[in-house]
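*Asks:* If it helps, the file is called entry.csv and holds CSV, N, CA and C atoms:
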chain,number,residue,atom,x,y,z
A,21,MET,N,232.2,104.4,47.8
A,21,MET,CA,232.8,103.1,47.7
A,21,MET,C,234.3,103.2,47.7
A,22,SER,N,234.8,104.3,47.2
A,22,SER,CA,236.3,104.5,47.1
A,22,SER,C,236.9,104.6,48.5
A,23,LEU,N,236.1,105.2,49.4
A,23,LEU,CA,236.6,105.4,50.8
A,23,LEU,C,236.7,104.0,51.5
A,24,LEU,N,235.7,103.2,51.3
A,24,LEU,CA,235.7,101.8,51.9
A,24,LEU,C,236.8,101.0,51.3
A,25,ARG,N,237.1,101.1,50.0
A,25,ARG,CA,238.2,100.4,49.4
A,25,ARG,C,239.5,100.8,50.0
A,26,GLU,N,239.7,102.1,50.1
A,26,GLU,CA,240.9,102.7,50.7
A,26,GLU,C,241.1,102.2,52.2
A,27,MET,N,240.0,102.2,52.9
A,27,MET,CA,240.0,101.7,54.3
A,27,MET,C,240.4,100.2,54.3
A,28,GLY,N,239.9,99.4,53.4
A,28,GLY,CA,240.2,98.0,53.3
A,28,GLY,C,241.7,97.8,53.0
A,29,ASP,N,242.1,98.6,52.0
A,29,ASP,CA,243.5,98.5,51.6
A,29,ASP,C,244.5,98.8,52.8
A,30,SER,N,244.1,99.9,53.5
A,30,SER,CA,244.9,100.3,54.6
A,30,SER,C,244.9,99.2,55.7
A,31,LEU,N,243.7,98.7,56.0
A,31,LEU,CA,243.7,97.6,57.0
A,31,LEU,C,244.6,96.4,56.6
A,32,ILE,N,244.5,96.0,55.4
A,32,ILE,CA,245.4,94.9,54.9
A,32,ILE,C,246.9,95.3,55.1
A,33,LYS,N,247.2,96.5,54.6
A,33,LYS,CA,248.6,97.0,54.7
A,33,LYS,C,249.1,97.0,56.1
A,34,TYR,N,248.3,97.5,57.1
A,34,TYR,CA,248.8,97.6,58.5
A,34,TYR,C,248.7,96.3,59.1
A,35,GLY,N,247.8,95.4,58.7
A,35,GLY,CA,247.8,94.0,59.2
A,35,GLY,C,249.1,93.3,58.8
A,36,GLU,N,249.5,93.5,57.6
A,36,GLU,CA,250.8,92.9,57.1
A,36,GLU,C,252.0,93.4,57.9
A,37,ILE,N,252.0,94.7,58.2
A,37,ILE,CA,253.1,95.3,58.9
A,37,ILE,C,253.1,94.8,60.3
A,38,LEU,N,251.9,94.6,60.9
A,38,LEU,CA,251.8,94.0,62.3
A,38,LEU,C,252.4,92.6,62.3
A,39,ILE,N,252.0,91.8,61.4
A,39,ILE,CA,252.5,90.4,61.3
A,39,ILE,C,254.0,90.4,61.1
A,40,SER,N,254.5,91.2,60.3
A,40,SER,CA,255.9,91.3,60.0
A,40,SER,C,256.7,91.7,61.3
A,41,ARG,N,256.2,92.7,62.0
A,41,ARG,CA,256.8,93.1,63.3
A,41,ARG,C,256.8,92.0,64.3
A,42,THR,N,255.6,91.3,64.4
A,42,THR,CA,255.5,90.2,65.4
A,42,THR,C,256.5,89.1,65.1
A,43,GLU,N,256.7,88.8,63.8
A,43,GLU,CA,257.7,87.8,63.4
A,43,GLU,C,259.1,88.2,63.8
A,44,ASP,N,259.4,89.5,63.5
A,44,ASP,CA,260.7,90.0,63.9
A,44,ASP,C,260.9,89.9,65.4
A,45,PHE,N,259.9,90.3,66.2
A,45,PHE,CA,260.0,90.2,67.6
A,45,PHE,C,260.2,88.8,68.1
A,46,THR,N,259.5,87.9,67.5
A,46,THR,CA,259.7,86.5,67.9
A,46,THR,C,261.1,86.0,67.6
A,47,ARG,N,261.6,86.3,66.4
A,47,ARG,CA,263.0,85.9,66.0
A,47,ARG,C,264.0,86.5,67.0
A,48,THR,N,263.9,87.8,67.4
A,48,THR,CA,264.8,88.4,68.3
A,48,THR,C,264.7,87.7,69.7
A,49,ALA,N,263.4,87.5,70.1
A,49,ALA,CA,263.2,86.8,71.4
A,49,ALA,C,263.9,85.4,71.5
A,50,ARG,N,263.7,84.7,70.4
A,50,ARG,CA,264.3,83.3,70.4
A,50,ARG,C,265.9,83.4,70.5
A,51,ILE,N,266.4,84.4,69.8
A,51,ILE,CA,267.9,84.5,69.8
A,51,ILE,C,268.3,84.9,71.2
A,52,ARG,N,267.6,85.9,71.8
A,52,ARG,CA,267.9,86.3,73.2
A,52,ARG,C,267.9,85.1,74.2
A,53,ILE,N,266.9,84.3,74.0
A,53,ILE,CA,266.7,83.1,74.8
A,53,ILE,C,267.9,82.1,74.6
A,54,GLU,N,268.3,81.9,73.4
A,54,GLU,CA,269.5,81.1,73.1
A,54,GLU,C,270.7,81.6,73.8
A,55,ILE,N,270.9,82.9,73.7
A,55,ILE,CA,272.1,83.6,74.3
A,55,ILE,C,272.0,83.3,75.8
A,56,ARG,N,270.9,83.5,76.4
A,56,ARG,CA,270.8,83.4,77.8
A,56,ARG,C,271.1,81.9,78.2
A,57,LYS,N,270.6,81.0,77.5
A,57,LYS,CA,270.8,79.5,77.8
A,57,LYS,C,272.3,79.2,77.8
A,58,LYS,N,273.0,79.8,76.8
A,58,LYS,CA,274.4,79.5,76.6
A,58,LYS,C,275.2,80.2,77.8
A,59,GLU,N,274.7,81.4,78.2
A,59,GLU,CA,275.4,82.1,79.3
A,59,GLU,C,275.2,81.2,80.6
A,60,ILE,N,274.0,80.6,80.8
A,60,ILE,CA,273.8,79.8,81.9
A,60,ILE,C,274.7,78.5,81.9
A,61,ASP,N,274.8,78.0,80.7
A,61,ASP,CA,275.7,76.8,80.5
A,61,ASP,C,277.2,77.2,80.9
A,62,ILE,N,277.6,78.4,80.5
A,62,ILE,CA,279.0,78.8,80.9
A,62,ILE,C,279.1,78.9,82.4
A,63,ASN,N,278.1,79.5,83.0
A,63,ASN,CA,278.2,79.7,84.5
A,63,ASN,C,278.2,78.3,85.2
A,64,SER,N,277.4,77.3,84.6
A,64,SER,CA,277.4,76.0,85.2
A,64,SER,C,278.8,75.3,85.1
A,65,ILE,N,279.4,75.5,83.9
A,65,ILE,CA,280.8,75.0,83.7
A,65,ILE,C,281.8,75.6,84.7
A,66,LYS,N,281.6,76.9,84.9
A,66,LYS,CA,282.5,77.6,85.8
A,66,LYS,C,282.4,77.1,87.2
A,67,ILE,N,281.1,76.7,87.6
A,67,ILE,CA,280.9,76.2,88.9
A,67,ILE,C,281.5,74.8,89.0
A,68,ILE,N,281.4,74.0,88.0
A,68,ILE,CA,282.0,72.7,88.0
A,68,ILE,C,283.5,72.8,88.1
A,69,ILE,N,284.1,73.7,87.4
A,69,ILE,CA,285.6,73.9,87.5
A,69,ILE,C,286.0,74.3,89.0
A,70,ALA,N,285.2,75.3,89.5
A,70,ALA,CA,285.5,75.8,90.9
A,70,ALA,C,285.3,74.6,91.9
A,71,ASP,N,284.3,73.9,91.7
A,71,ASP,CA,284.1,72.7,92.7
A,71,ASP,C,285.2,71.7,92.6
A,72,HIS,N,285.7,71.5,91.4
A,72,HIS,CA,286.8,70.5,91.2
A,72,HIS,C,288.1,71.1,91.9
A,73,VAL,N,288.4,72.3,91.7
A,73,VAL,CA,289.6,72.9,92.2
A,73,VAL,C,289.5,72.9,93.8
A,74,ILE,N,288.3,73.3,94.3
A,74,ILE,CA,288.2,73.3,95.7
A,74,ILE,C,288.3,71.9,96.3
A,75,ALA,N,287.7,70.9,95.7
A,75,ALA,CA,287.7,69.6,96.2
A,75,ALA,C,289.1,69.0,96.2
A,76,GLN,N,289.8,69.3,95.1
A,76,GLN,CA,291.2,68.8,95.0
A,76,GLN,C,292.1,69.5,95.9
A,77,THR,N,291.9,70.8,96.2
A,77,THR,CA,292.7,71.6,97.2
A,77,THR,C,292.5,71.0,98.6
A,78,HIS,N,291.2,70.7,98.9
A,78,HIS,CA,291.0,70.1,100.3
A,78,HIS,C,291.6,68.8,100.4
A,79,LYS,N,291.6,68.0,99.4
A,79,LYS,CA,292.3,66.7,99.4
A,79,LYS,C,293.8,66.8,99.3
A,80,LYS,N,294.3,68.0,99.0
A,80,LYS,CA,295.7,68.2,98.7
A,80,LYS,C,296.1,67.3,97.5
A,81,ALA,N,295.3,67.1,96.6
A,81,ALA,CA,295.5,66.3,95.4
A,81,ALA,C,295.8,67.3,94.2
A,82,SER,N,296.3,66.7,93.1
A,82,SER,CA,296.6,67.5,92.0
A,82,SER,C,295.3,67.8,91.2
A,83,ILE,N,295.2,69.0,90.6
A,83,ILE,CA,294.1,69.4,89.8
A,83,ILE,C,294.2,68.7,88.4
A,84,ASP,N,293.1,68.2,88.0
A,84,ASP,CA,293.0,67.5,86.7
A,84,ASP,C,293.0,68.5,85.6
A,85,THR,N,294.2,68.8,85.0
A,85,THR,CA,294.3,69.8,84.0
A,85,THR,C,293.5,69.5,82.7
A,86,GLU,N,293.4,68.2,82.4
A,86,GLU,CA,292.6,67.8,81.2
A,86,GLU,C,291.2,68.1,81.4
A,87,LEU,N,290.6,67.9,82.6
A,87,LEU,CA,289.2,68.3,82.8
A,87,LEU,C,289.1,69.8,82.7
A,88,ILE,N,290.0,70.5,83.3
A,88,ILE,CA,289.9,72.0,83.2
A,88,ILE,C,290.0,72.5,81.8
A,89,ASN,N,291.0,72.0,81.1
A,89,ASN,CA,291.2,72.4,79.7
A,89,ASN,C,290.0,72.0,78.8
A,90,ALA,N,289.4,70.9,79.0
A,90,ALA,CA,288.2,70.5,78.3
A,90,ALA,C,287.0,71.5,78.6
A,91,ARG,N,286.9,71.8,79.8
A,91,ARG,CA,285.8,72.8,80.2
A,91,ARG,C,286.1,74.1,79.6
A,92,ILE,N,287.3,74.6,79.7
A,92,ILE,CA,287.7,75.9,79.1
A,92,ILE,C,287.4,75.9,77.6
A,93,SER,N,287.7,74.8,76.9
A,93,SER,CA,287.4,74.7,75.5
A,93,SER,C,285.9,74.8,75.2
A,94,THR,N,285.1,74.2,76.1
A,94,THR,CA,283.7,74.2,75.9
A,94,THR,C,283.2,75.7,76.1
A,95,ILE,N,283.7,76.3,77.2
A,95,ILE,CA,283.4,77.7,77.4
A,95,ILE,C,283.7,78.6,76.2
A,96,ASN,N,284.9,78.4,75.6
A,96,ASN,CA,285.3,79.2,74.5
A,96,ASN,C,284.4,79.0,73.3
A,97,SER,N,284.0,77.7,73.1
A,97,SER,CA,283.1,77.5,71.9
A,97,SER,C,281.7,78.1,72.2
A,98,LEU,N,281.2,78.1,73.4
A,98,LEU,CA,279.9,78.7,73.8
A,98,LEU,C,280.0,80.2,73.6
A,99,ASN,N,281.2,80.8,74.0
A,99,ASN,CA,281.3,82.2,73.8
A,99,ASN,C,281.3,82.6,72.3
A,100,LEU,N,281.9,81.7,71.5
A,100,LEU,CA,281.9,82.0,70.0
A,100,LEU,C,280.4,81.9,69.5
A,101,GLU,N,279.7,80.9,70.0
A,101,GLU,CA,278.3,80.8,69.6
A,101,GLU,C,277.5,82.0,70.0
A,102,ILE,N,277.8,82.5,71.2
A,102,ILE,CA,277.1,83.7,71.7
A,102,ILE,C,277.4,84.9,70.8
A,103,THR,N,278.7,85.1,70.5
A,103,THR,CA,279.1,86.2,69.6
A,103,THR,C,278.3,86.1,68.3
A,104,GLY,N,278.2,84.9,67.7
A,104,GLY,CA,277.5,84.7,66.4
A,104,GLY,C,276.0,85.1,66.6
A,105,LEU,N,275.4,84.7,67.7
A,105,LEU,CA,274.0,85.0,68.0
A,105,LEU,C,273.8,86.5,68.1
A,106,ARG,N,274.7,87.2,68.8
A,106,ARG,CA,274.6,88.6,69.0
A,106,ARG,C,274.8,89.3,67.6
A,107,VAL,N,275.6,88.8,66.7
A,107,VAL,CA,275.7,89.4,65.4
A,107,VAL,C,274.4,89.2,64.7
A,108,ARG,N,273.8,88.0,64.7
A,108,ARG,CA,272.5,87.8,64.1
A,108,ARG,C,271.4,88.7,64.7
A,109,LEU,N,271.5,88.9,66.0
A,109,LEU,CA,270.5,89.8,66.6
A,109,LEU,C,270.7,91.3,66.1
A,110,GLU,N,271.9,91.7,66.0
A,110,GLU,CA,272.1,93.1,65.5
A,110,GLU,C,271.6,93.2,64.0
A,111,GLU,N,271.9,92.1,63.2
A,111,GLU,CA,271.4,92.1,61.9
A,111,GLU,C,269.9,92.3,61.8
A,112,LEU,N,269.2,91.5,62.7
A,112,LEU,CA,267.8,91.6,62.7
A,112,LEU,C,267.3,93.0,63.1
A,113,LYS,N,268.0,93.6,64.1
A,113,LYS,CA,267.6,94.9,64.5
A,113,LYS,C,267.8,95.9,63.4
A,114,ASN,N,268.9,95.8,62.7
A,114,ASN,CA,269.2,96.7,61.6
A,114,ASN,C,268.2,96.5,60.5
A,115,GLN,N,267.9,95.3,60.2
A,115,GLN,CA,266.9,95.0,59.2
A,115,GLN,C,265.5,95.5,59.5
A,116,GLY,N,265.2,95.4,60.8
A,116,GLY,CA,263.9,96.0,61.3
A,116,GLY,C,263.9,97.5,61.2
A,117,ASN,N,265.0,98.1,61.5
A,117,ASN,CA,265.1,99.6,61.3
A,117,ASN,C,264.9,100.0,59.9
A,118,ARG,N,265.6,99.3,59.0
A,118,ARG,CA,265.4,99.6,57.5
A,118,ARG,C,264.0,99.5,57.1
A,119,THR,N,263.3,98.4,57.5
A,119,THR,CA,261.9,98.1,57.2
A,119,THR,C,261.0,99.2,57.7
A,120,GLU,N,261.3,99.6,59.0
A,120,GLU,CA,260.5,100.7,59.6
A,120,GLU,C,260.7,102.0,58.9
A,121,SER,N,261.9,102.3,58.4
A,121,SER,CA,262.1,103.5,57.7
A,121,SER,C,261.3,103.5,56.4
A,122,ARG,N,261.3,102.4,55.7
A,122,ARG,CA,260.5,102.3,54.4
A,122,ARG,C,259.0,102.4,54.7
A,123,GLU,N,258.6,101.8,55.8
A,123,GLU,CA,257.1,101.9,56.1
A,123,GLU,C,256.8,103.3,56.4
A,124,ASN,N,257.6,104.0,57.2
A,124,ASN,CA,257.3,105.4,57.5
A,124,ASN,C,257.3,106.3,56.2
A,125,ALA,N,258.2,106.0,55.3
A,125,ALA,CA,258.3,106.7,54.0
A,125,ALA,C,257.0,106.5,53.2
A,126,GLY,N,256.5,105.2,53.3
A,126,GLY,CA,255.3,104.9,52.6
A,126,GLY,C,254.1,105.6,53.2
A,127,GLU,N,254.1,105.7,54.5
A,127,GLU,CA,253.0,106.4,55.2
A,127,GLU,C,253.0,107.9,54.8
A,128,SER,N,254.1,108.5,54.8
A,128,SER,CA,254.1,109.9,54.4
A,128,SER,C,253.7,110.1,53.0
A,129,LEU,N,254.0,109.2,52.1
A,129,LEU,CA,253.5,109.3,50.7
A,129,LEU,C,252.0,109.1,50.7
A,130,ASP,N,251.5,108.2,51.5
A,130,ASP,CA,250.1,108.0,51.5
A,130,ASP,C,249.3,109.2,52.0
A,131,SER,N,249.9,109.8,53.0
A,131,SER,CA,249.2,111.0,53.6
A,131,SER,C,249.2,112.2,52.6
A,132,LYS,N,250.2,112.3,51.7
A,132,LYS,CA,250.3,113.4,50.8
A,132,LYS,C,249.3,113.2,49.7
A,133,GLU,N,248.8,112.0,49.4
A,133,GLU,CA,247.8,111.8,48.3
A,133,GLU,C,246.5,112.3,48.7
Go ahead and render the structure in this file as structure tokens.

*Replies:*
Amino acid sequence: MSLLREMGDSLIKYGEILISRTEDFTRTARIRIEIRKKEIDINSIKIIIADHVIAQTHKKASIDTELINARISTINSLNLEITGLRVRLEELKNQGNRTESRENAGESLDSKE
């Protein structure tokens, strides 16, 4: 009976570890997707700026600096958001590494018993 109880306890323990790692993976994936979306937004804004400059150059008209400055401001704020997301991503990675270290230490203690 003791063997079955230990097997059950181990199954529960490793099930919890699996769920925890899946949650961590999901969080990191969501952050990576957010970063990618913001990078795509930045590229779209850059294209808008380039199109405006090219069109104004062909027309030999002045470039709307207010439009350009507004777009640059948006790009800068998106870059700040990306930096914050990357910091969160690193924190999650470091948290995962600490959790993994504790789990491995627990496994080595279990195997010694």

*Asks:* Please compute the atom C of Gly104 of chain A-atom CA of Lys66 of chain A distance, one decimal, in Å.

*Replies:*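 One can read the atom C of Gly104 of chain A to atom CA of Lys66 of chain A distance as 21.6 Å.
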
*Asks:* What is the atom CA of Ile65 of chain A-atom CA of Ile51 of chain A distance in Å, reported with one decimal?

*Replies:* 21.2 Å

*Asks:* Rounded to one decimal, what separation in Å do you get between atom CA of Ser93 of chain A and atom CA of Ile67 of chain A?

*Replies:*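 We find that atom CA of Ser93 of chain A and atom CA of Ile67 of chain A lie 15.0 Å from each other.
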
*Asks:* What lies within 8 Å of Arg52 of chain A using all atoms listed in the file, ignoring chain neighbours under 4 positions off, as a list in words?

*Replies:*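 Counting all atoms listed in the file, the residues come to Thr46, Arg47, Thr48, Arg56, Lys57, Lys58, Leu105, Arg106 and Leu109 of chain A.
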
*Asks:* Taking only C-alpha atoms into account, name the residue in A:Ile69, A:Val107, A:Leu24, A:Ile53 that is nearest to Asn89 of chain A.

*Replies:*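 Smallest separation from Asn89 of chain A among the options: A:Ile69.
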